[in-house]
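Chemist: Sharing query39.txt here; it has compact mmCIF, C-alpha atoms.
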```txt
# COMPACT_ATOMS: atom_id res chain seq x y z
CA MET C 29 40.35 -92.06 26.57
CA GLU C 30 41.74 -88.83 28.05
CA ILE C 31 39.40 -86.79 30.25
CA TYR C 32 39.16 -83.96 27.72
CA ASP C 33 38.15 -86.43 24.99
CA LYS C 34 35.37 -87.65 27.27
CA LEU C 35 34.26 -84.10 28.02
CA LEU C 36 34.05 -83.21 24.33
CA GLN C 37 31.21 -85.73 23.98
CA PHE C 38 28.99 -83.27 25.85
CA THR C 39 27.55 -80.01 24.54
CA LEU C 40 28.60 -78.07 27.66
CA PHE C 41 32.27 -78.50 26.74
CA GLN C 42 32.09 -78.35 22.96
CA GLY C 43 33.85 -75.36 21.41
CA MET C 44 36.49 -75.15 24.12
CA SER C 45 40.12 -74.87 23.05
CA VAL C 46 42.63 -77.56 23.99
CA ALA C 47 44.16 -75.15 26.51
CA ASP C 48 40.78 -74.50 28.14
CA LEU C 49 39.99 -78.21 28.29
CA MET C 50 43.36 -78.97 29.86
CA GLN C 51 42.74 -76.24 32.44
CA VAL C 52 39.27 -77.66 33.20
CA ALA C 53 40.68 -81.19 33.45
CA GLY C 54 43.46 -80.05 35.75
CA HIS C 55 41.51 -77.77 38.08
CA THR C 56 38.01 -79.24 38.27
CA LYS C 57 37.09 -81.95 40.78
CA PHE C 58 35.40 -84.67 38.76
CA GLY C 59 33.74 -87.74 40.17
CA PHE C 60 34.09 -90.96 38.19
CA SER C 61 31.90 -93.96 38.87
CA LYS C 62 30.53 -97.13 37.33
CA LEU C 63 26.95 -98.35 37.60
CA SER C 64 26.15 -102.00 37.11
CA GLU C 65 23.09 -103.16 35.20
CA GLY C 66 19.84 -102.75 37.16
CA LYS C 67 21.29 -100.34 39.74
CA ARG C 68 19.44 -97.10 40.41
CA LEU C 69 21.29 -93.83 39.85
CA VAL C 70 18.66 -91.21 40.66
CA LYS C 71 15.14 -91.40 42.08
CA GLU C 72 12.40 -88.94 41.23
CA GLY C 73 12.43 -86.22 43.89
CA ASP C 74 16.12 -86.59 44.76
CA PRO C 75 17.93 -83.23 45.12
CA CYS C 76 20.00 -82.28 42.08
CA THR C 77 23.35 -81.39 43.67
CA HIS C 78 25.60 -82.47 40.78
CA LEU C 79 25.75 -82.42 37.01
CA ILE C 80 25.82 -86.10 36.06
CA PHE C 81 27.18 -87.10 32.65
CA LEU C 82 26.51 -90.52 31.14
CA ALA C 83 29.82 -91.22 29.37
CA SER C 84 28.95 -94.75 28.18
CA GLY C 85 26.08 -97.17 28.48
CA THR C 86 22.29 -96.89 28.55
CA LEU C 87 19.98 -95.65 31.29
CA ARG C 88 16.29 -96.45 31.71
CA THR C 89 14.29 -93.47 32.88
CA ASP C 90 10.83 -93.43 34.44
CA THR C 91 8.76 -90.25 34.54
CA PHE C 92 5.55 -90.07 36.57
CA SER C 93 2.47 -87.87 36.46
CA ASP C 94 1.92 -85.75 39.58
CA ASP C 95 -0.57 -88.24 41.00
CA HIS C 96 1.53 -91.24 39.85
CA SER C 97 -1.40 -92.61 37.85
CA CYS C 98 0.71 -92.59 34.68
CA ARG C 99 4.34 -93.63 34.13
CA VAL C 100 6.45 -93.36 31.00
CA SER C 101 9.50 -95.59 30.67
CA GLU C 102 12.16 -94.92 28.04
CA THR C 103 15.91 -95.33 27.51
CA VAL C 104 18.65 -92.74 27.01
CA ASN C 105 22.08 -93.50 25.58
CA ALA C 106 25.48 -91.94 26.13
CA PRO C 107 26.49 -89.19 25.80
CA TYR C 108 23.71 -87.75 27.96
CA ILE C 109 23.42 -85.18 30.76
CA LEU C 110 20.80 -85.92 33.43
CA GLN C 111 18.35 -83.00 33.65
CA PRO C 112 20.97 -80.21 33.81
CA GLU C 113 18.21 -77.59 34.11
CA ARG C 114 17.40 -79.00 37.57
CA ILE C 115 20.66 -77.89 39.18
CA PHE C 116 19.34 -74.31 39.36
CA GLY C 117 15.92 -72.70 39.74
CA ILE C 118 12.97 -73.03 42.10
CA ASN C 119 12.72 -76.84 42.01
CA GLN C 120 16.22 -78.29 42.25
CA ARG C 121 15.08 -81.91 42.26
CA TYR C 122 15.01 -84.58 39.59
CA THR C 123 11.60 -85.14 38.02
CA SER C 124 12.50 -88.58 36.60
CA SER C 125 14.11 -91.73 37.98
CA PHE C 126 17.15 -93.24 36.28
CA LYS C 127 18.66 -96.71 36.55
CA ALA C 128 21.22 -98.62 34.52
CA GLU C 129 19.86 -100.60 31.58
CA THR C 130 23.42 -101.67 30.77
CA PRO C 131 26.72 -101.16 32.64
CA CYS C 132 27.39 -97.41 32.67
CA ASN C 133 30.34 -95.08 33.16
CA LEU C 134 29.49 -91.74 34.77
CA ILE C 135 31.20 -88.41 35.34
CA SER C 136 29.84 -85.97 37.94
CA ILE C 137 30.59 -82.38 38.93
CA ASP C 138 29.13 -80.92 42.13
CA LYS C 139 27.31 -77.60 42.09
CA GLN C 140 30.18 -75.57 43.55
CA GLU C 141 32.48 -76.78 40.78
CA VAL C 142 29.77 -75.98 38.21
CA LEU C 143 29.54 -72.43 39.57
CA LEU C 144 33.32 -72.10 39.32
CA LEU C 145 33.27 -73.29 35.70
CA LEU C 146 30.50 -70.79 34.92
CA GLU C 147 32.62 -68.04 36.43
CA THR C 148 35.94 -68.93 34.77
CA GLN C 149 35.06 -70.60 31.46
CA LEU C 150 33.25 -68.41 28.93
CA VAL C 151 32.47 -71.25 26.50
CA PHE C 152 31.05 -73.40 29.30
CA ARG C 153 28.92 -70.44 30.42
CA LEU C 154 27.62 -69.81 26.90
CA ASN C 155 26.89 -73.50 26.37
CA MET C 156 24.95 -73.66 29.64
CA LEU C 157 22.94 -70.56 28.68
CA SER C 158 22.21 -72.04 25.25
CA LEU C 159 21.07 -75.31 26.80
CA MET C 160 18.74 -73.53 29.23
CA ALA C 161 17.42 -71.18 26.53
CA ALA C 162 16.70 -74.08 24.18
CA GLU C 163 14.67 -75.85 26.90
CA ILE C 164 12.69 -72.67 27.67
CA GLN C 165 12.01 -72.03 23.99
CA ARG C 166 10.88 -75.62 23.49
CA GLN C 167 8.47 -75.40 26.42
CA GLN C 168 7.09 -72.02 25.32
CA HIS C 169 6.48 -73.30 21.80
CA HIS C 170 4.21 -76.11 23.02
CA ALA C 171 1.26 -73.80 23.66
CA TRP C 172 1.45 -72.31 20.15
CA ARG C 173 1.54 -75.47 18.08
CA SER C 174 -1.39 -76.13 15.77
CA ALA C 175 -4.22 -77.93 17.53
CA PRO C 176 -4.63 -81.64 16.63
CA LYS C 177 -7.47 -82.11 14.16
CA THR C 178 -8.30 -85.77 14.84
CA LEU C 179 -8.39 -88.08 17.84
CA HIS C 180 -5.41 -89.94 16.41
CA GLU C 181 -3.41 -86.69 16.35
CA ARG C 182 -4.50 -85.86 19.92
CA ILE C 183 -3.33 -89.27 21.16
CA VAL C 184 0.01 -88.82 19.37
CA ARG C 185 0.39 -85.37 20.96
CA PHE C 186 -0.39 -86.92 24.36
CA PHE C 187 2.41 -89.48 23.93
CA PHE C 188 5.01 -87.04 22.63
CA SER C 189 4.37 -84.39 25.28
CA ARG C 190 5.20 -86.83 28.08
CA CYS C 191 8.54 -88.13 26.81
CA LEU C 192 12.04 -86.85 27.56
CA TYR C 193 13.26 -87.72 24.06
CA PRO C 194 10.96 -87.60 21.01
CA ALA C 195 12.07 -90.88 19.41
CA GLY C 196 12.78 -94.50 20.19
CA ALA C 197 10.99 -97.12 22.23
CA LYS C 198 8.56 -96.01 24.96
CA THR C 199 6.34 -97.81 27.44
CA PHE C 200 3.31 -96.03 28.88
CA TYR C 201 1.80 -97.48 32.04
CA ILE C 202 -1.68 -96.01 31.90
CA LEU C 203 -5.32 -97.12 31.65
CA MET C 204 -7.49 -96.22 28.68
CA ASN C 205 -9.99 -94.41 30.89
CA GLN C 206 -7.16 -92.18 32.11
CA ILE C 207 -6.24 -91.27 28.54
CA ALA C 208 -9.93 -90.63 27.86
CA ALA C 209 -10.10 -88.26 30.84
CA GLU C 210 -6.92 -86.45 29.76
CA LEU C 211 -8.25 -85.98 26.21
CA ASN C 212 -11.88 -85.32 27.24
CA ASP C 213 -13.15 -88.17 25.09
CA SER C 214 -14.94 -91.47 25.66
CA ARG C 215 -13.10 -94.64 26.60
CA LEU C 216 -14.72 -96.39 23.62
CA ASP C 217 -13.35 -93.85 21.13
CA ILE C 218 -9.89 -94.05 22.72
CA SER C 219 -10.01 -97.85 22.52
CA ARG C 220 -11.00 -97.78 18.85
CA ALA C 221 -8.24 -95.29 17.98
CA LEU C 222 -5.56 -97.22 19.87
CA ASN C 223 -6.64 -100.53 18.37
CA ALA C 224 -6.44 -98.97 14.89
CA MET C 225 -2.89 -97.84 15.69
CA GLN C 226 -2.10 -101.35 16.89
CA ALA C 227 -3.46 -102.79 13.63
CA ASP C 228 -1.07 -100.48 11.77
CA GLY C 229 1.86 -101.85 13.79
CA LEU C 230 2.51 -98.54 15.59
CA LEU C 231 2.05 -99.86 19.12
CA THR C 232 1.01 -102.89 21.15
CA LEU C 233 -1.71 -102.80 23.78
CA TYR C 234 -1.61 -104.68 27.09
CA ARG C 235 -3.70 -104.33 30.21
CA GLY C 236 -2.60 -101.05 31.76
CA ARG C 237 0.40 -100.80 29.42
CA ILE C 238 1.12 -99.49 25.92
CA GLU C 239 4.36 -100.46 24.15
CA ILE C 240 5.54 -98.10 21.39
CA PRO C 241 8.57 -99.53 19.54
CA MET C 242 9.41 -96.31 17.68
CA LEU C 243 7.71 -93.13 18.83
CA GLU C 244 8.68 -91.21 15.70
CA ARG C 245 6.65 -93.63 13.55
CA LEU C 246 3.45 -92.24 15.06
CA LEU C 247 4.00 -89.09 13.00
CA MET C 248 4.15 -90.94 9.66
```
Output the file's structure in the form of structure tokens.

Modeler:
Amino acid sequence: MEIYDKLLQFTLFQGMSVADLMQVAGHTKFGFSKLSEGKRLVKEGDPCTHLIFLASGTLRTDTFSDDHSCRVSETVNAPYILQPERIFGINQRYTSSFKAETPCNLISIDKQEVLLLLETQLVFRLNMLSLMAAEIQRQQHHAWRSAPKTLHERIVRFFFSRCLYPAGAKTFYILMNQIAAELNDSRLDISRALNAMQADGLLTLYRGRIEIPMLERLLM
């Protein structure tokens, strides 16, 4: 696959003309790498000095609470850009860890090259602004959503709000008393609600771990 065909997989390059893509391919310093299964790509807290594009394969990502008492594990599939909003701003560090679930092909662009693309490529600049604006709008909307009316709805909101992608399989490493503290409810009520969800086939409970095969099913 030609480099510009690979780039067109990603929203930052979509809408560019063939001439623009050829110019980008010819003048931008890209890094190409492969990651074997099980190898770590990024660790939480690492500085974000590059845009990293997952061109093929699957990554497993782990996101931690501030005190590391809760961890959410999920997978992301190509095409995917690793936390592009982290390359700028106050905190220019990754907030999740990523490692290869399957063999992966990666493309990277360092920050100086990103700045050059922003300066010279209007479509790239507009796509980056749209991506950042969409993330800001999504975050701002969270506070204005209708309040959950039942404990079941509050638990579902808890799960969704801690995931990078609102669908697919998720694993939460958390104790029931921690969920109870987060939701200001009793451990007994949390246990009853989670066991009811398990009886409905929505999740599976283990000691200190909750497996959710399809997050989107919790909304049904």

Chemist: Leaving out Gly43 in chain C and any residue of its chain fewer than 2 positions from it, which residues lie within 8 Å of it when counting only C-alpha atoms, given as JSON, numbers by chain?

Modeler: {"C": [41, 45, 151]}

Chemist: Name all residues at most 9 Å from range 185-194 of chain C (count all atoms listed in the file; drop same-chain ones fewer than 2 positions away) and give them as a list in words.

Modeler: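 Here the qualifying residues turn out to be Thr89, Thr91, Ser93, Val100, Ser101, Glu102, Thr103, Val104, His170, Pro176, His180, Glu181, Arg182, Ile183, Gly196, Lys198, Phe200, Ile207, Glu210, Leu211, Leu243 and Glu244 of chain C.
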
Chemist: Taking all atoms listed in the file into account, which of C:Ala227, C:Ile135, C:Leu79, C:Val184 comes nearest Phe116 in chain C?

Modeler: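 Of all the options, C:Leu79 lies closest to Phe116 in chain C.
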
Chemist: Out of C:Val142, C:Leu69, C:Ala209, C:Ala161, which residue has the shortest atom-to-atom distance to Thr86 in chain C when counting all atoms listed in the file?

Modeler: C:Leu69

Chemist: So which one's closest to Met44 in chain C, C:Ile218, C:Met248, C:Leu150, C:Ala224? Using only C-alpha atoms, please.

Modeler: C:Leu150

Chemist: Would you mind listing what lies within 12 Å of Asp48 in chain C as a count of residues only, with only C-alpha atoms counted and same-chain residues fewer than 2 positions away left out?

Modeler: 22

Chemist: Have a look at CA of Lys71 in chain C and CA of Asn119 in chain C and let me know their distance in Å, one decimal.

Modeler: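 Going from CA of Lys71 in chain C over to CA of Asn119 in chain C covers 14.8 Å.
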
Chemist: Write out as a VMD selection string each polymer residue whose atoms come within 8 Å of Lys127 in chain C, counting all atoms listed in the file; drop sequence neighbours fewer than 2 positions from it.

Modeler: chain C and resid 65 to 70 87 to 89 125 129

Chemist: For CA of Ser61 in chain C and CA of Ala47 in chain C, determine how far apart the two atoms are, in Å to one decimal place.

Modeler: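 Straight-line distance from CA of Ser61 in chain C to CA of Ala47 in chain C works out to 25.6 Å.
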
Chemist: Applying 9 Å and only C-alpha atoms, which residues near Gln120 in chain C remain after dropping the ones on its own chain fewer than 5 positions away? List them as a list in words.

Modeler: Gly73, Asp74, Pro75, Cys76, Thr77, Glu113, Arg114 and Ile115 of chain C

Chemist: Which polymer residues, protein or nucleic acid, are no farther than 12 Å from (25.2, -89.4, 28.9), counting all atoms listed in the file, as JSON, numbers by chain?

Modeler: {"C": [34, 35, 36, 37, 38, 39, 40, 79, 80, 81, 82, 83, 84, 85, 86, 87, 88, 103, 104, 105, 106, 107, 108, 109, 110, 111, 112, 126, 128, 132, 133, 134, 135, 136]}

Chemist: Check the smallest atom-to-atom distance from each of C:Leu146, C:Ala171, C:Cys98, C:Leu63 to Thr130 in chain C using all atoms listed in the file, then report the winner.

Modeler: C:Leu63

Chemist: For each of C:Arg166, C:Lys57, C:Lys139, C:Arg235, take the minimum atom-to-atom distance to Asn205 in chain C, counting all atoms listed in the file, then give the residue where this is smallest.

Modeler: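 Looking at the shortest contact to Asn205 in chain C, the residue is C:Arg235.
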
Chemist: Figure out the distance between CA of Phe60 in chain C and CA of Asp33 in chain C, please, to one decimal in Å.

Modeler: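 If I compute the distance from CA of Asp33 in chain C to CA of Phe60 in chain C, I get 14.5 Å.
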
Chemist: Can you fill out range 187-217 of chain C with N, CA and C atoms and hand it back as a short mmCIF file (atom, residue, chain, number, x, y, z; two decimals), in the frame of the given file?

Modeler:
```cif
data_model
loop_
_atom_site.label_atom_id
_atom_site.label_comp_id
_atom_site.auth_asym_id
_atom_site.auth_seq_id
_atom_site.Cartn_x
_atom_site.Cartn_y
_atom_site.Cartn_z
N PHE C 187 1.21 -88.66 23.74
CA PHE C 187 2.41 -89.48 23.93
C PHE C 187 3.68 -88.63 23.86
N PHE C 188 3.79 -87.82 22.83
CA PHE C 188 5.01 -87.04 22.63
C PHE C 188 5.25 -86.06 23.77
N SER C 189 4.21 -85.45 24.27
CA SER C 189 4.37 -84.39 25.28
C SER C 189 4.85 -84.93 26.62
N ARG C 190 4.83 -86.25 26.80
CA ARG C 190 5.20 -86.83 28.08
C ARG C 190 6.53 -87.59 28.03
N CYS C 191 7.27 -87.43 26.96
CA CYS C 191 8.54 -88.13 26.81
C CYS C 191 9.72 -87.17 26.94
N LEU C 192 10.82 -87.65 27.48
CA LEU C 192 12.04 -86.85 27.56
C LEU C 192 12.69 -86.68 26.20
N TYR C 193 12.60 -87.74 25.38
CA TYR C 193 13.26 -87.72 24.06
C TYR C 193 12.23 -88.14 23.02
N PRO C 194 12.07 -87.36 21.94
CA PRO C 194 10.96 -87.60 21.01
C PRO C 194 11.22 -88.67 19.96
N ALA C 195 11.83 -89.77 20.34
CA ALA C 195 12.07 -90.88 19.41
C ALA C 195 12.42 -92.12 20.22
N GLY C 196 12.39 -93.25 19.54
CA GLY C 196 12.78 -94.50 20.19
C GLY C 196 11.63 -95.22 20.87
N ALA C 197 11.99 -96.28 21.58
CA ALA C 197 10.99 -97.12 22.23
C ALA C 197 10.49 -96.48 23.53
N LYS C 198 9.18 -96.55 23.75
CA LYS C 198 8.56 -96.01 24.96
C LYS C 198 7.54 -97.02 25.50
N THR C 199 7.39 -97.02 26.81
CA THR C 199 6.34 -97.81 27.44
C THR C 199 5.52 -96.88 28.32
N PHE C 200 4.23 -96.83 28.06
CA PHE C 200 3.31 -96.03 28.88
C PHE C 200 2.52 -96.98 29.78
N TYR C 201 2.60 -96.73 31.07
CA TYR C 201 1.80 -97.48 32.04
C TYR C 201 0.60 -96.60 32.41
N ILE C 202 -0.50 -96.86 31.74
CA ILE C 202 -1.68 -96.01 31.90
C ILE C 202 -2.91 -96.79 31.43
N LEU C 203 -4.06 -96.50 32.04
CA LEU C 203 -5.32 -97.12 31.65
C LEU C 203 -6.00 -96.29 30.58
N MET C 204 -6.80 -96.94 29.76
CA MET C 204 -7.49 -96.22 28.68
C MET C 204 -8.42 -95.15 29.22
N ASN C 205 -9.07 -95.43 30.37
CA ASN C 205 -9.99 -94.41 30.89
C ASN C 205 -9.24 -93.17 31.38
N GLN C 206 -7.96 -93.34 31.74
CA GLN C 206 -7.16 -92.18 32.11
C GLN C 206 -6.83 -91.34 30.88
N ILE C 207 -6.48 -92.01 29.78
CA ILE C 207 -6.24 -91.27 28.54
C ILE C 207 -7.51 -90.55 28.11
N ALA C 208 -8.65 -91.24 28.23
CA ALA C 208 -9.93 -90.63 27.86
C ALA C 208 -10.20 -89.37 28.68
N ALA C 209 -9.90 -89.43 29.98
CA ALA C 209 -10.10 -88.26 30.84
C ALA C 209 -9.16 -87.13 30.45
N GLU C 210 -7.90 -87.47 30.15
CA GLU C 210 -6.92 -86.45 29.76
C GLU C 210 -7.32 -85.76 28.46
N LEU C 211 -7.91 -86.52 27.53
CA LEU C 211 -8.25 -85.98 26.21
C LEU C 211 -9.72 -85.59 26.10
N ASN C 212 -10.46 -85.70 27.22
CA ASN C 212 -11.88 -85.32 27.24
C ASN C 212 -12.65 -86.05 26.13
N ASP C 213 -12.47 -87.35 26.09
CA ASP C 213 -13.15 -88.17 25.09
C ASP C 213 -13.65 -89.44 25.79
N SER C 214 -14.40 -90.25 25.06
CA SER C 214 -14.94 -91.47 25.66
C SER C 214 -13.90 -92.58 25.62
N ARG C 215 -14.01 -93.51 26.57
CA ARG C 215 -13.10 -94.64 26.60
C ARG C 215 -13.24 -95.47 25.33
N LEU C 216 -14.48 -95.59 24.82
CA LEU C 216 -14.72 -96.39 23.62
C LEU C 216 -13.98 -95.80 22.42
N ASP C 217 -14.05 -94.48 22.26
CA ASP C 217 -13.35 -93.85 21.13
C ASP C 217 -11.83 -94.00 21.27
#
```
